[in-house]
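Remarks on the structure that follows.
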Amino acid sequence: MQPILAIEDLSLVYRLPKGRRLGVLRRVSLSIGAGEVVGLLGPSGSGKTSLLRYILGVGMEGSESKCALLKFEDMNLLAMNHWQRHRLRRERMGIIFQDPTHRLSAFRRIRRQLEDAGGSCSSESGALASLERVGFVDPGRIASSFPYELSGGECQRIATAQAIAANPMLLLADEPTSALDTVAQRQILDLMLKIRRERKVAMMVISHDPELLRALADRVLRLHDGVIVGHVPSPARSRSPRSKPGTTLQMTGERATQSVLDVRDLTLTFGLPQPETGWMPLPDWGRTRKFHAALQGVNFSVQQGSFVAVVGRSGSGKSTLAACIAGIALPQSGEMLFCEKPLLPVRSQEQRAQIQLILQDTVGALNPRLTVAQILEEPLRIHRNQLPGKSGRRYTDKQMQARAYSILGDVSLAPEYLTRTPAQLSGGERQRVAIARALMLQPTLLLLDEALTGLDHDLQDSILELLGDLRRHKELTCIHFTHDLRRMLIAADQIAVMDEGLIVEVHPAWEFARKACHPASVRLLDAMLLDAEEQ
Amino acid sequence: MHPLARRLLYSLVSLIAISMLCFALLRAAPGDYFSELRLEPGLSQKTLTTMEEQSDLSKPLIERYALWCKAAVRGDFGLSLTYHLPVVQLLGERIANTLMLAGLGLLGAWILGLLLGSVTGWPAIAARAFAALLWSIPEPILALLLLLGALRFHALSPLVEISSPAGSSWMHLRSLAGRIALPALAMTLGYLPVVLRHVQRGLDAARRAPAVEAARAHGFTRRRILLSYLLPEAATPLISLLGLGIGSLLSASLFVEVLFGWPGLGQLLLNAILARDTNIVVAGVLCSAVMLITGNLFADLLLWLHDPRLRAVAR
């Protein structure tokens, strides 16, 4: 088979400050045939994304590369100039990124951004059709939206539509489904299979998810520390010896149950005046006002030391609920009690420290100008070197550094990471730093908004295990807002299903599959089982 | 209430507060317009008393303020004590001159700043060094250097002729251009470093923004990336800076006006303060305040139009 992409002997080095250099790829050779789908598997930080960027020729500032051959469709890319490469990307290559919300411009309507991609999207009707193709039932609304009005899953589907607009010969995808709910994941997967079938497009797909690669890829390359360590013809999920989270995490029954969080009748409608500003709505000069009821009277309570998973498809209000509990968003009505003290209308400094939120989007969550050490110490500094509500002990700078050091160990990162900046970390490493930062203040309640999405499976398990330990020793309570029902069936104590801004049912995790009856729960279970059947 | 309407209301309230403060502070300052006249040997006590009675200064402060307000809403800001001319007429000419000078200066700084700020590679480093050098020279010294340079190398006389030359409007324009060139250049050079550095930093950050990188990765057209992705990403801090610039149009050129003898607001205001010519001071301060508020309002409006997220918060 004539290869559509061939790389020989590629080495890539990043220049770090103070003359240090970080080797990312070492003597990588690979080729992809026309219409072939190659999966790329490997732990975070192994150089997968860098390889993708190199093929694309984007974002390589501050790096040095050495390559014997880079050929794409009989064209020697090494001999091409900047603008020839640019044109090639426009006409022959497509790319889907990992962090969808940031990859769309905040200032431009979706329809315009699709039209920019050219190809089949270049007309308005083409753009709408492309939205339908990636699984939107109401393309008109999506097309006239701005990215901030859409969920992460919706943005990723739009990015996919952009990538395939010009009918590319090679489609590169960097974790294309990690931000999507199970239903949308299937849609994208089916879509990619369809594209592959109909258009004979070659693909290179990076994923942590062996099931995705199993369904999609002809063969899978495994990348480890910048070296391709093996071709896996049929990807089998690594069965490395690891603990069974199910046994370590389920232990709330023995504990005296005290309610940590009580949420009653919480409602939030976007487009209505915010309670604290009291602004009156005025006419919008010819534009229809959009109301979006994100929360429509949410009721639930969380016991101390438990692990509750709130699952639901994207757009069901999970993130809004997390934002309300964390104090980022203010609900219009309802009540929230935290350890029997009200969180509304204003929460105390101590309550703020006790509730920590970890977000899905790690790029936005970490200040790019600080080192990891500074990032970890920042929460303590904000609280004047003191853990609020705890012993009243003040931390010296030394002790603070020691604490950052030990917490970093807890999330299995090496101490040398303390001097790096977020830009020098991979997506998985950034999320580990974000989790470590939340743990610095010894919170009572930890909110995870899709926080494990995008990490590889072993790491997800090890983080869940870590949270289990913390819950046992430090009376930590976790609420995980996620679409990953399968993992939560094993890891969580209780599963609450969210749909259309309501918590529709709550069951203990071990009998969820048996007891769940709401259509939303059934849909999630079906999507999960469909995945399992293919294995 | 719509945030914009609310902002307008706040602006009005601050204007009223500023005018009150102005009156109060002028009253609190030692002496008034007649203090110095009293030392004049040529003026008799009788003349002075008549003059004082004719002016409002003998009345109580509250009454004076009420009278002033009543006239001010009709657009009448009183008479100047020194020039015996309506304040509106006096300020009008001067404000036009100042706006012309400062506007030209800032416009130049923005055009140069955008051009120099958007280059990359070693020219960018050179531009940064140039900005640092300019920034480190105090504005009066910069103006003096320009003045010296012009006198040394040029036939052009930088000193302003008081009377405007007779002749066709073309001649008039040419002579005006000749007179305004140097002070405007001084203002441009004084403000350029600020704009230049902001443009450089804004574009630097925007080039690394994920959305811009994605636009490059998708291979959108060059023009599209520049106009619809890079510039919007970089625009937010620049819009705020533009608002500040517009807000300071009336006050930024004070040094330059005095040094080049430009008949602008700065000099008039300075003399009025020294002579305690109340009406001119109050009106001048109010004009500056209006300008500042307008500039900020303008920037907020632009930001509101620019960023859909802000519109969402406002709704």
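Chain labels A, B, ... are given in the sequence in which chains occur in the structure tokens; within each chain residues are numbered consecutively from 1, and ligands are likewise numbered from 1 in the order shown.
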Interface, chain A side, toward chain B (8 Å; only C-alpha atoms) as a count of residues only: 35
Report as a Markdown table: every residue of region 74-187 of chain A with an atom at most 12 Å from region 450-454 of chain A, its closest pair of atoms, and their distance in Å to one decimal, counting only C-alpha atoms, with rows sorted by chain and ascending residue number.
| residue | atom | partner | partner_atom | distance |
| --- | --- | --- | --- | --- |
| A:Phe97 | CA | A:Gly454 | CA | 11.7 |
| A:Gln98 | CA | A:Gly454 | CA | 8.1 |
| A:Asp99 | CA | A:Gly454 | CA | 9.4 |
| A:Ser151 | CA | A:Glu450 | CA | 12.0 |
| A:Gly152 | CA | A:Glu450 | CA | 10.2 |
| A:Gly153 | CA | A:Glu450 | CA | 11.3 |
| A:Asp174 | CA | A:Gly454 | CA | 10.2 |
| A:Glu175 | CA | A:Gly454 | CA | 7.2 |
| A:Pro176 | CA | A:Gly454 | CA | 9.8 |
| A:Thr177 | CA | A:Gly454 | CA | 8.9 |
| A:Ser178 | CA | A:Gly454 | CA | 5.3 |
| A:Ala179 | CA | A:Thr453 | CA | 6.4 |
| A:Leu180 | CA | A:Thr453 | CA | 9.0 |
| A:Asp181 | CA | A:Glu450 | CA | 10.0 |
| A:Thr182 | CA | A:Thr453 | CA | 11.9 |
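The spacing separating CA of Leu25 (chain A) from CA of Ile7 (chain A) amounts to 12.3 Å.
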Residues within 10 Å of Ile325 (chain A), only C-alpha atoms, excluding chain neighbours under 2 positions, as number ranges by chain: A: 261, 263, 319-323, 327-331, 336-338, 343-344, 355-357, 445, 447
Produce a file of the selected residues containing N, CA and C atoms, as a PDB file, in the first residue's frame.
ATOM      1  N   LEU A 261     -23.653  18.147  52.632  1.00  0.00           N
ATOM      2  CA  LEU A 261     -24.232  19.111  51.714  1.00  0.00           C
ATOM      3  C   LEU A 261     -25.698  18.796  51.496  1.00  0.00           C
ATOM      4  N   VAL A 263     -28.857  20.255  49.249  1.00  0.00           N
ATOM      5  CA  VAL A 263     -29.275  21.184  48.202  1.00  0.00           C
ATOM      6  C   VAL A 263     -30.780  21.078  48.060  1.00  0.00           C
ATOM      7  N   SER A 319     -22.351  20.875  34.987  1.00  0.00           N
ATOM      8  CA  SER A 319     -21.346  21.901  35.289  1.00  0.00           C
ATOM      9  C   SER A 319     -21.959  23.081  36.013  1.00  0.00           C
ATOM     10  N   THR A 320     -23.187  23.445  35.664  1.00  0.00           N
ATOM     11  CA  THR A 320     -23.855  24.562  36.335  1.00  0.00           C
ATOM     12  C   THR A 320     -24.070  24.240  37.809  1.00  0.00           C
ATOM     13  N   LEU A 321     -24.486  22.992  38.084  1.00  0.00           N
ATOM     14  CA  LEU A 321     -24.690  22.584  39.474  1.00  0.00           C
ATOM     15  C   LEU A 321     -23.366  22.653  40.233  1.00  0.00           C
ATOM     16  N   ALA A 322     -22.302  22.149  39.601  1.00  0.00           N
ATOM     17  CA  ALA A 322     -20.988  22.189  40.248  1.00  0.00           C
ATOM     18  C   ALA A 322     -20.599  23.632  40.539  1.00  0.00           C
ATOM     19  N   ALA A 323     -20.853  24.520  39.555  1.00  0.00           N
ATOM     20  CA  ALA A 323     -20.495  25.929  39.734  1.00  0.00           C
ATOM     21  C   ALA A 323     -21.291  26.560  40.869  1.00  0.00           C
ATOM     22  N   GLY A 327     -19.774  28.010  44.292  1.00  0.00           N
ATOM     23  CA  GLY A 327     -19.916  29.439  44.538  1.00  0.00           C
ATOM     24  C   GLY A 327     -19.522  30.305  43.367  1.00  0.00           C
ATOM     25  N   ILE A 328     -19.326  29.704  42.206  1.00  0.00           N
ATOM     26  CA  ILE A 328     -18.979  30.497  41.023  1.00  0.00           C
ATOM     27  C   ILE A 328     -20.246  31.096  40.430  1.00  0.00           C
ATOM     28  N   ALA A 329     -21.301  30.292  40.395  1.00  0.00           N
ATOM     29  CA  ALA A 329     -22.576  30.774  39.873  1.00  0.00           C
ATOM     30  C   ALA A 329     -23.542  30.949  41.034  1.00  0.00           C
ATOM     31  N   LEU A 330     -24.428  31.918  40.907  1.00  0.00           N
ATOM     32  CA  LEU A 330     -25.419  32.145  41.952  1.00  0.00           C
ATOM     33  C   LEU A 330     -26.777  31.703  41.452  1.00  0.00           C
ATOM     34  N   PRO A 331     -27.430  30.796  42.164  1.00  0.00           N
ATOM     35  CA  PRO A 331     -28.759  30.365  41.749  1.00  0.00           C
ATOM     36  C   PRO A 331     -29.785  31.453  42.025  1.00  0.00           C
ATOM     37  N   MET A 336     -28.836  26.040  49.964  1.00  0.00           N
ATOM     38  CA  MET A 336     -27.725  25.094  50.052  1.00  0.00           C
ATOM     39  C   MET A 336     -27.192  25.135  51.472  1.00  0.00           C
ATOM     40  N   LEU A 337     -27.121  23.972  52.111  1.00  0.00           N
ATOM     41  CA  LEU A 337     -26.559  23.889  53.459  1.00  0.00           C
ATOM     42  C   LEU A 337     -25.262  23.099  53.378  1.00  0.00           C
ATOM     43  N   PHE A 338     -24.199  23.659  53.939  1.00  0.00           N
ATOM     44  CA  PHE A 338     -22.923  22.961  53.970  1.00  0.00           C
ATOM     45  C   PHE A 338     -22.575  22.718  55.438  1.00  0.00           C
ATOM     46  N   LEU A 343     -25.016  28.255  52.669  1.00  0.00           N
ATOM     47  CA  LEU A 343     -24.011  28.794  51.734  1.00  0.00           C
ATOM     48  C   LEU A 343     -24.551  30.020  51.014  1.00  0.00           C
ATOM     49  N   LEU A 344     -25.868  30.205  51.087  1.00  0.00           N
ATOM     50  CA  LEU A 344     -26.480  31.330  50.376  1.00  0.00           C
ATOM     51  C   LEU A 344     -27.008  32.321  51.397  1.00  0.00           C
ATOM     52  N   ILE A 355     -14.636  23.987  50.363  1.00  0.00           N
ATOM     53  CA  ILE A 355     -15.209  23.424  49.139  1.00  0.00           C
ATOM     54  C   ILE A 355     -14.262  23.732  47.996  1.00  0.00           C
ATOM     55  N   GLN A 356     -13.671  22.728  47.425  1.00  0.00           N
ATOM     56  CA  GLN A 356     -12.715  22.948  46.342  1.00  0.00           C
ATOM     57  C   GLN A 356     -13.232  22.312  45.062  1.00  0.00           C
ATOM     58  N   LEU A 357     -13.023  23.025  43.976  1.00  0.00           N
ATOM     59  CA  LEU A 357     -13.535  22.579  42.674  1.00  0.00           C
ATOM     60  C   LEU A 357     -12.365  22.269  41.744  1.00  0.00           C
ATOM     61  N   LEU A 445     -15.048  19.101  51.164  1.00  0.00           N
ATOM     62  CA  LEU A 445     -15.837  18.668  50.008  1.00  0.00           C
ATOM     63  C   LEU A 445     -15.053  18.965  48.736  1.00  0.00           C
ATOM     64  N   LEU A 447     -15.174  18.906  44.680  1.00  0.00           N
ATOM     65  CA  LEU A 447     -16.045  18.789  43.506  1.00  0.00           C
ATOM     66  C   LEU A 447     -15.169  18.536  42.298  1.00  0.00           C
TER      67      LEU A 447
END
Selected residue of minimal separation from Ala159 (chain A) among A:Arg111, A:Lys318, A:His383, A:Lys341, counting only C-alpha atoms: A:Arg111
Please identify which residues in region 375-490 of chain A DSSP calls alpha helix (DSSP H) from the backbone, and express them as a PDB file with C-alpha atoms, in the first residue's frame.
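Result went into selection_9.pdb, see below:
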ATOM      1  CA  ILE A 375       0.608  27.176  41.921  1.00  0.00           C
ATOM      2  CA  LEU A 376       0.474  24.731  44.804  1.00  0.00           C
ATOM      3  CA  GLU A 377       1.423  27.321  47.407  1.00  0.00           C
ATOM      4  CA  GLU A 378      -0.998  29.941  46.140  1.00  0.00           C
ATOM      5  CA  PRO A 379      -4.146  28.660  47.937  1.00  0.00           C
ATOM      6  CA  LEU A 380      -2.283  28.674  51.253  1.00  0.00           C
ATOM      7  CA  ARG A 381      -0.996  32.173  50.631  1.00  0.00           C
ATOM      8  CA  ILE A 382      -4.509  33.353  49.829  1.00  0.00           C
ATOM      9  CA  ASP A 397       7.682  29.140  53.636  1.00  0.00           C
ATOM     10  CA  LYS A 398       9.756  26.010  54.280  1.00  0.00           C
ATOM     11  CA  GLN A 399       6.811  24.055  55.614  1.00  0.00           C
ATOM     12  CA  MET A 400       4.682  25.219  52.724  1.00  0.00           C
ATOM     13  CA  GLN A 401       7.272  23.950  50.263  1.00  0.00           C
ATOM     14  CA  ALA A 402       7.415  20.652  52.133  1.00  0.00           C
ATOM     15  CA  ARG A 403       3.640  20.381  51.938  1.00  0.00           C
ATOM     16  CA  ALA A 404       3.635  21.111  48.200  1.00  0.00           C
ATOM     17  CA  TYR A 405       6.358  18.492  47.817  1.00  0.00           C
ATOM     18  CA  SER A 406       4.409  15.809  49.642  1.00  0.00           C
ATOM     19  CA  ILE A 407       1.086  16.574  47.940  1.00  0.00           C
ATOM     20  CA  LEU A 408       2.818  16.373  44.578  1.00  0.00           C
ATOM     21  CA  GLY A 409       3.945  12.897  45.573  1.00  0.00           C
ATOM     22  CA  ASP A 410       0.353  12.028  46.449  1.00  0.00           C
ATOM     23  CA  GLY A 427      -2.708  17.469  29.706  1.00  0.00           C
ATOM     24  CA  GLY A 428      -2.661  14.632  32.225  1.00  0.00           C
ATOM     25  CA  GLU A 429       0.131  16.174  34.269  1.00  0.00           C
ATOM     26  CA  ARG A 430      -1.701  19.498  34.369  1.00  0.00           C
ATOM     27  CA  GLN A 431      -4.811  17.816  35.746  1.00  0.00           C
ATOM     28  CA  ARG A 432      -2.731  16.115  38.412  1.00  0.00           C
ATOM     29  CA  VAL A 433      -1.315  19.501  39.429  1.00  0.00           C
ATOM     30  CA  ALA A 434      -4.841  20.945  39.563  1.00  0.00           C
ATOM     31  CA  ILE A 435      -5.951  18.117  41.855  1.00  0.00           C
ATOM     32  CA  ALA A 436      -2.882  18.598  44.040  1.00  0.00           C
ATOM     33  CA  ARG A 437      -3.680  22.294  44.336  1.00  0.00           C
ATOM     34  CA  ALA A 438      -7.210  21.530  45.519  1.00  0.00           C
ATOM     35  CA  LEU A 439      -5.838  19.149  48.135  1.00  0.00           C
ATOM     36  CA  HIS A 457      -7.058   4.795  32.501  1.00  0.00           C
ATOM     37  CA  ASP A 458      -4.392   3.714  34.955  1.00  0.00           C
ATOM     38  CA  LEU A 459      -3.991   7.269  36.136  1.00  0.00           C
ATOM     39  CA  GLN A 460      -7.750   7.688  36.518  1.00  0.00           C
ATOM     40  CA  ASP A 461      -7.780   4.615  38.722  1.00  0.00           C
ATOM     41  CA  SER A 462      -4.814   5.771  40.769  1.00  0.00           C
ATOM     42  CA  ILE A 463      -6.394   9.181  41.329  1.00  0.00           C
ATOM     43  CA  LEU A 464      -9.683   7.579  42.348  1.00  0.00           C
ATOM     44  CA  GLU A 465      -7.717   5.389  44.729  1.00  0.00           C
ATOM     45  CA  LEU A 466      -5.946   8.426  46.147  1.00  0.00           C
ATOM     46  CA  LEU A 467      -9.287  10.127  46.696  1.00  0.00           C
ATOM     47  CA  GLY A 468     -10.444   6.977  48.464  1.00  0.00           C
ATOM     48  CA  ASP A 469      -7.467   7.126  50.836  1.00  0.00           C
ATOM     49  CA  LEU A 470      -8.056  10.779  51.531  1.00  0.00           C
ATOM     50  CA  ARG A 471     -11.706  10.158  52.222  1.00  0.00           C
ATOM     51  CA  ARG A 472     -10.829   7.502  54.737  1.00  0.00           C
ATOM     52  CA  HIS A 473      -8.122   9.468  56.548  1.00  0.00           C
ATOM     53  CA  LYS A 474      -9.210  13.064  56.243  1.00  0.00           C
ATOM     54  CA  LEU A 485     -20.986   6.064  34.003  1.00  0.00           C
ATOM     55  CA  ARG A 486     -18.967   2.879  33.658  1.00  0.00           C
ATOM     56  CA  ARG A 487     -16.097   3.942  35.863  1.00  0.00           C
ATOM     57  CA  MET A 488     -18.445   5.479  38.387  1.00  0.00           C
ATOM     58  CA  LEU A 489     -20.410   2.230  38.709  1.00  0.00           C
ATOM     59  CA  ILE A 490     -17.244   0.782  40.220  1.00  0.00           C
TER      60      ILE A 490
END
So which residues of region 353-407 of chain A fall under strand (DSSP E) by DSSP, listed as a CSV table (one decimal) with N, CA, C and O atoms, in the first residue's frame?
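File out.csv, as written:
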chain,number,residue,atom,x,y,z
A,355,ILE,N,-14.6,24.0,50.4
A,355,ILE,CA,-15.2,23.4,49.1
A,355,ILE,C,-14.3,23.7,48.0
A,355,ILE,O,-14.0,24.9,47.7
A,356,GLN,N,-13.7,22.7,47.4
A,356,GLN,CA,-12.7,22.9,46.3
A,356,GLN,C,-13.2,22.3,45.1
A,356,GLN,O,-13.8,21.2,45.1
A,357,LEU,N,-13.0,23.0,44.0
A,357,LEU,CA,-13.5,22.6,42.7
A,357,LEU,C,-12.4,22.3,41.7
A,357,LEU,O,-11.4,23.0,41.7
A,358,ILE,N,-12.5,21.2,41.1
A,358,ILE,CA,-11.5,20.8,40.0
A,358,ILE,C,-12.2,20.7,38.7
A,358,ILE,O,-13.2,20.1,38.6
Spatial neighbours of Leu193 (chain A), 10 Å, only C-alpha atoms, chain gap at least 5 places, as an MDAnalysis selection string: chainID A and resid 37 187:188 198 215:217
